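So the structure is just underneath, and the comments pick up after that.
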Protein chains: 2
Amino acid sequence: MPTKRKPTPPRGTARERLIAAADELFRRDGIAATPVDRAVGRAGVATMTLYHHFSGKDGLVVAYLEHRHERWTRNWAERTDAAESTMDKALSVFDALRAWADSGEVERGCAFVDAAAELTDREHPAWAVINRHKAELLARLSELTGSAEAGERVLLLYEGALIGLLIGHLDDPVGQARAAAQTVLERAQHQ
Amino acid sequence: MPTKRKPTPPRGTARERLIAAADELFRRDGIAATPVDRAVGRAGVATMTLYHHFSGKDGLVVAYLEHRHERWTRNWAERTDAAESTMDKALSVFDALRAWADSGEVERGCAFVDAAAELTDREHPAWAVINRHKAELLARLSELTGSAEAGERVLLLYEGALIGLLIGHLDDPVGQARAAAQTVLERAQHQ
DNA sequence: ATCCTCCTATAACGCCCGTTCTACTAGAAC
DNA sequence: GTTCTAGTAGAACGGGCGTTATAGGAGGAT
């Protein structure tokens, strides 16, 4: 167990710094457009260190997406817990998204949508993470809304909001999506 | 005016064949992952021909997106014209999308979303086409639904359906989005 | 017949990228 | 103090890509 190895780029193990650098660069510039050397330089480690910790660039991409998934899941769960009514819990995904967006994390939309668009080869190991992320999202939304159909429709609005954030052609995609979702849910329970 | 130059890859001018090849390859494999030589080979023209007709790969990307935009606009307009009620006209974007998807054009979602995710540099000339496409989409939807807000909400559902088609984690994203949009529009007019 | 335009064919240039090799270093564990 | 682990540094390999240069051919227009 190492106490501290290299204080140059201050905190964390080499592995953590690599993931943090990938998180920043893959998100901002895209996966294909980010050479491993740039991520390695940003993390302040040697090139070989990447290959000691991951299978290669693909492995780093997988770790990056898993890291995103964990952070997002945690962020969303906090919002769900903070909500009081059943309706607010079902809509908490939009509150989490707004907080995410306000913190500047989403200038470029959703990491998983971007990755899905970029990695056209479905055999790429990252697709397993993408599929898992979206499946868990749908499962949780179905649970919170009380029906698979309602969960699916809220998910559609959530993903529409993500595109709105990516392209930036709408004033307030998250607010509009939340309002539309509320309408959809009210209709679902009045019936 | 040439009558016919080269019958090897049967039809169209060199320019048209280049765009057709780009349309196929950029869509299937992604823009960055498609080398110009492959598009050139698919079109059955010489490499230099690409540079006679376009400013380079970027120019071909722009032409590719413009071509997509025109085809989509035509396809959608046909569905709108075929619809009878105001409601069906407002929802015709989903019928157009379903026809598009059934014809196998959308195995990988929306060309504009993919391009937006891939081209992280907003200065890329393709972004002008992306912005124009989404702006026209929103304007037409607002016109058909009768309000900017309703248009925006239908657009969110449309884009959610696109992501559903890209990732393939939903059974029937287009049908669910259409049904949710109908709910949203009914609520909008009862109020 | 000559010109002009469009297109072809091939090769090359310069650059970037993912990965690997080799040899080395510094601290922790024992 | 020796051993082990994790990391470092730098160079190199093999391959791919966008673009350009050169030289030439084929067909309609005049």
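Every chain in the structure tokens takes a letter, A first, then B, and so on in the order presented; its residues are numbered from 1, and the ligands are numbered from 1 following the presented order.
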Do you know which residues are at most 10 Å from Ala33 in chain B counting only C-alpha atoms (C1' of nucleotides), after dropping those on the same chain fewer than 4 positions away, and could you put them as a list in words?
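The residues satisfying every condition are Ala32, Glu118, Leu119 and Thr120 of chain A; Leu25, Phe26, Arg28 and Asp29 of chain B.
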Take the selection from the previous step and output its residues with C-alpha atoms, as a compact mmCIF listing (two decimals), in the first residue's frame.
# COMPACT_ATOMS: atom_id res chain seq x y z
CA ALA A 32 -11.17 9.22 -30.89
CA GLU A 118 -18.56 7.55 -31.74
CA LEU A 119 -17.99 3.83 -31.25
CA THR A 120 -19.75 2.43 -34.29
CA LEU B 25 -20.05 5.03 -45.12
CA PHE B 26 -20.18 8.04 -42.82
CA ARG B 28 -22.51 3.21 -41.04
CA ASP B 29 -18.96 3.60 -39.73
Any chance you could list, as a ChimeraX atom specification, the residues in range 48-187 of chain B that come up alpha helix (DSSP H) when DSSP is run on the backbone?
/B:48-53,57-82,86-90,92-102,111-118,126-145,148-167,173-187
Mind dumping the selected residues with C-alpha atoms as a short mmCIF file (atom, residue, chain, number, x, y, z; two decimals), in the first residue's frame?
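Saved result, out_30.cif, follows:
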data_model
loop_
_atom_site.label_atom_id
_atom_site.label_comp_id
_atom_site.auth_asym_id
_atom_site.auth_seq_id
_atom_site.Cartn_x
_atom_site.Cartn_y
_atom_site.Cartn_z
CA MET B 48 -8.18 13.78 -56.82
CA THR B 49 -11.78 13.99 -57.98
CA LEU B 50 -12.82 14.51 -54.37
CA TYR B 51 -10.59 17.56 -54.17
CA HIS B 52 -11.91 18.88 -57.46
CA HIS B 53 -15.45 18.92 -56.13
CA LYS B 57 -13.01 15.82 -46.32
CA ASP B 58 -14.73 18.58 -44.36
CA GLY B 59 -16.46 19.74 -47.50
CA LEU B 60 -17.68 16.25 -48.19
CA VAL B 61 -19.03 16.00 -44.66
CA VAL B 62 -20.98 19.22 -45.16
CA ALA B 63 -22.41 17.98 -48.46
CA TYR B 64 -23.30 14.68 -46.81
CA LEU B 65 -25.26 16.37 -44.04
CA GLU B 66 -26.98 18.72 -46.45
CA HIS B 67 -28.01 15.76 -48.52
CA ARG B 68 -29.41 14.03 -45.44
CA HIS B 69 -31.27 17.16 -44.45
CA GLU B 70 -32.94 17.46 -47.83
CA ARG B 71 -33.98 13.83 -47.93
CA TRP B 72 -35.37 13.95 -44.42
CA THR B 73 -37.26 17.16 -45.02
CA ARG B 74 -38.86 15.70 -48.15
CA ASN B 75 -39.74 12.47 -46.39
CA TRP B 76 -41.34 14.27 -43.49
CA ALA B 77 -43.29 16.68 -45.70
CA GLU B 78 -44.86 13.74 -47.51
CA ARG B 79 -46.12 12.35 -44.22
CA THR B 80 -47.43 15.71 -43.11
CA ASP B 81 -49.33 16.17 -46.34
CA ALA B 82 -50.80 12.69 -46.08
CA THR B 86 -54.31 18.73 -37.17
CA MET B 87 -53.22 16.27 -34.52
CA ASP B 88 -51.96 13.78 -37.09
CA LYS B 89 -50.04 16.49 -38.88
CA ALA B 90 -48.40 17.51 -35.62
CA SER B 92 -46.39 13.15 -38.53
CA VAL B 93 -42.75 13.54 -37.56
CA PHE B 94 -43.01 10.20 -35.77
CA ASP B 95 -44.65 8.52 -38.72
CA ALA B 96 -41.86 9.79 -40.93
CA LEU B 97 -39.32 8.51 -38.43
CA ARG B 98 -40.95 5.11 -38.30
CA ALA B 99 -40.93 4.82 -42.09
CA TRP B 100 -37.30 5.95 -42.08
CA ALA B 101 -36.46 3.34 -39.46
CA ASP B 102 -38.36 0.54 -41.18
CA ALA B 111 -26.89 11.47 -38.68
CA PHE B 112 -26.98 14.90 -37.10
CA VAL B 113 -26.79 13.67 -33.54
CA ASP B 114 -23.93 11.40 -34.47
CA ALA B 115 -22.13 14.22 -36.23
CA ALA B 116 -22.72 16.54 -33.28
CA ALA B 117 -21.26 13.96 -30.93
CA GLU B 118 -18.30 13.26 -33.16
CA ALA B 126 -20.63 20.90 -40.38
CA TRP B 127 -21.98 22.55 -37.25
CA ALA B 128 -23.72 25.17 -39.35
CA VAL B 129 -25.67 22.38 -41.07
CA ILE B 130 -26.44 20.67 -37.77
CA ASN B 131 -27.77 23.89 -36.29
CA ARG B 132 -29.82 24.66 -39.34
CA HIS B 133 -31.33 21.18 -39.36
CA LYS B 134 -32.43 21.31 -35.75
CA ALA B 135 -33.64 24.90 -36.03
CA GLU B 136 -35.83 24.05 -39.03
CA LEU B 137 -37.13 20.98 -37.21
CA LEU B 138 -38.14 23.08 -34.23
CA ALA B 139 -39.68 25.81 -36.37
CA ARG B 140 -41.77 23.35 -38.35
CA LEU B 141 -42.92 21.52 -35.23
CA SER B 142 -43.90 24.78 -33.56
CA GLU B 143 -45.86 25.69 -36.65
CA LEU B 144 -47.64 22.34 -36.78
CA THR B 145 -48.44 22.20 -33.09
CA ALA B 148 -43.35 27.14 -29.51
CA GLU B 149 -43.64 25.28 -26.25
CA ALA B 150 -45.56 22.37 -27.71
CA GLY B 151 -43.13 22.21 -30.61
CA GLU B 152 -40.23 22.07 -28.21
CA ARG B 153 -41.77 19.24 -26.22
CA VAL B 154 -42.54 17.20 -29.30
CA LEU B 155 -38.98 17.78 -30.45
CA LEU B 156 -37.68 16.44 -27.13
CA LEU B 157 -39.69 13.26 -27.62
CA TYR B 158 -38.53 12.96 -31.22
CA GLU B 159 -34.91 13.22 -30.16
CA GLY B 160 -35.45 10.77 -27.35
CA ALA B 161 -36.74 8.33 -29.95
CA LEU B 162 -33.60 8.91 -32.01
CA ILE B 163 -31.45 7.91 -29.07
CA GLY B 164 -33.65 4.88 -28.57
CA LEU B 165 -32.93 3.88 -32.15
CA LEU B 166 -29.22 4.52 -31.74
CA ILE B 167 -28.75 2.52 -28.57
CA PRO B 173 -39.14 4.08 -29.07
CA VAL B 174 -40.98 5.70 -31.95
CA GLY B 175 -44.39 4.38 -30.93
CA GLN B 176 -43.89 5.33 -27.30
CA ALA B 177 -42.66 8.78 -28.23
CA ARG B 178 -45.64 9.30 -30.51
CA ALA B 179 -48.08 8.27 -27.80
CA ALA B 180 -46.41 10.50 -25.23
CA ALA B 181 -46.45 13.40 -27.68
CA GLN B 182 -50.15 12.94 -28.21
CA THR B 183 -50.71 13.14 -24.47
CA VAL B 184 -48.65 16.29 -24.27
CA LEU B 185 -50.54 17.92 -27.15
CA GLU B 186 -53.95 16.99 -25.76
CA ARG B 187 -53.04 18.54 -22.45
#
What are the residues of chain C lining chain A at 8 Å or less? Count only C-alpha atoms (C1' of nucleotides), and put the answer as a list in words.
DC17, DG18 and DA28 of chain C
Kindly determine which residues of chain D lie within 8 Å of chain A, considering only C-alpha atoms (C1' of nucleotides), and give the answer as a PyMOL selection string.
chain D and resi 7-9
Export C-alpha atoms (C1' of nucleotides) of the chosen residues as an mmCIF file, in the first residue's frame?
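Below is the file that was written, result.cif:
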data_model
loop_
_atom_site.group_PDB
_atom_site.id
_atom_site.type_symbol
_atom_site.label_atom_id
_atom_site.label_comp_id
_atom_site.auth_asym_id
_atom_site.auth_seq_id
_atom_site.Cartn_x
_atom_site.Cartn_y
_atom_site.Cartn_z
ATOM 1 C "C1'" DG D 7 6.270 3.715 -11.773
ATOM 2 C "C1'" DT D 8 9.542 6.457 -15.087
ATOM 3 C "C1'" DA D 9 11.826 8.001 -19.368
#
Residue among B:His169, B:His190, B:Arg42, B:Arg15 lying closest to chain A, counting only C-alpha atoms:
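Selected residue with least distance to chain A: B:His169.
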Taking only C-alpha atoms (C1' of nucleotides) into account, which of C:DC15, C:DT5, C:DT10, C:DC21 comes nearest DA12 in chain D?
C:DC21
For chain A, the nearest of the candidates B:Ile31, B:Ala22, B:Val106, B:Ala83, counting only C-alpha atoms
B:Ile31
If you count only C-alpha atoms (C1' of nucleotides), which residues fall within 12 Å of DA23 in chain D, apart from same-chain ones fewer than 5 positions away, as a VMD selection string?
chain C and resid 8 to 11
Grab the residues selected above and save them as a PDB file, in the first residue's frame with N, CA and C atoms (P, O5', C5', C4', C3', O3' and C1' of nucleotides).
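Below is the file that was written, selection17.pdb:
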ATOM      1  P    DT C   8     -12.817   9.447 -62.242  1.00  0.00           P
ATOM      2  O5'  DT C   8     -11.397   9.057 -62.830  1.00  0.00           O
ATOM      3  C5'  DT C   8     -11.287   8.549 -64.165  1.00  0.00           C
ATOM      4  C4'  DT C   8      -9.851   8.129 -64.422  1.00  0.00           C
ATOM      5  C3'  DT C   8      -9.239   7.287 -63.306  1.00  0.00           C
ATOM      6  O3'  DT C   8      -8.777   6.065 -63.831  1.00  0.00           O
ATOM      7  C1'  DT C   8      -7.807   9.105 -63.890  1.00  0.00           C
ATOM      8  P    DA C   9      -8.595   4.812 -62.873  1.00  0.00           P
ATOM      9  O5'  DA C   9      -7.029   4.778 -62.646  1.00  0.00           O
ATOM     10  C5'  DA C   9      -6.153   4.900 -63.768  1.00  0.00           C
ATOM     11  C4'  DA C   9      -4.751   5.194 -63.267  1.00  0.00           C
ATOM     12  C3'  DA C   9      -4.420   4.507 -61.943  1.00  0.00           C
ATOM     13  O3'  DA C   9      -3.347   3.605 -62.152  1.00  0.00           O
ATOM     14  C1'  DA C   9      -3.771   6.818 -61.921  1.00  0.00           C
ATOM     15  P    DT C  10      -2.922   2.600 -61.001  1.00  0.00           P
ATOM     16  O5'  DT C  10      -1.677   3.383 -60.406  1.00  0.00           O
ATOM     17  C5'  DT C  10      -0.827   4.103 -61.307  1.00  0.00           C
ATOM     18  C4'  DT C  10       0.188   4.897 -60.520  1.00  0.00           C
ATOM     19  C3'  DT C  10       0.546   4.293 -59.159  1.00  0.00           C
ATOM     20  O3'  DT C  10       1.936   4.161 -59.076  1.00  0.00           O
ATOM     21  C1'  DT C  10       0.052   6.598 -58.949  1.00  0.00           C
ATOM     22  P    DA C  11       2.591   3.362 -57.844  1.00  0.00           P
ATOM     23  O5'  DA C  11       3.594   4.484 -57.326  1.00  0.00           O
ATOM     24  C5'  DA C  11       3.992   5.523 -58.208  1.00  0.00           C
ATOM     25  C4'  DA C  11       4.318   6.763 -57.394  1.00  0.00           C
ATOM     26  C3'  DA C  11       4.923   6.471 -56.023  1.00  0.00           C
ATOM     27  O3'  DA C  11       6.185   7.103 -55.948  1.00  0.00           O
ATOM     28  C1'  DA C  11       3.152   8.059 -55.852  1.00  0.00           C
TER      29       DA C  11
END
Taking into account only C-alpha atoms, which residue in the set A:Leu170, A:Val40, A:Ala20, A:Leu91 is nearest to chain B?
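Using only C-alpha atoms, chain B sits closest to A:Leu170.
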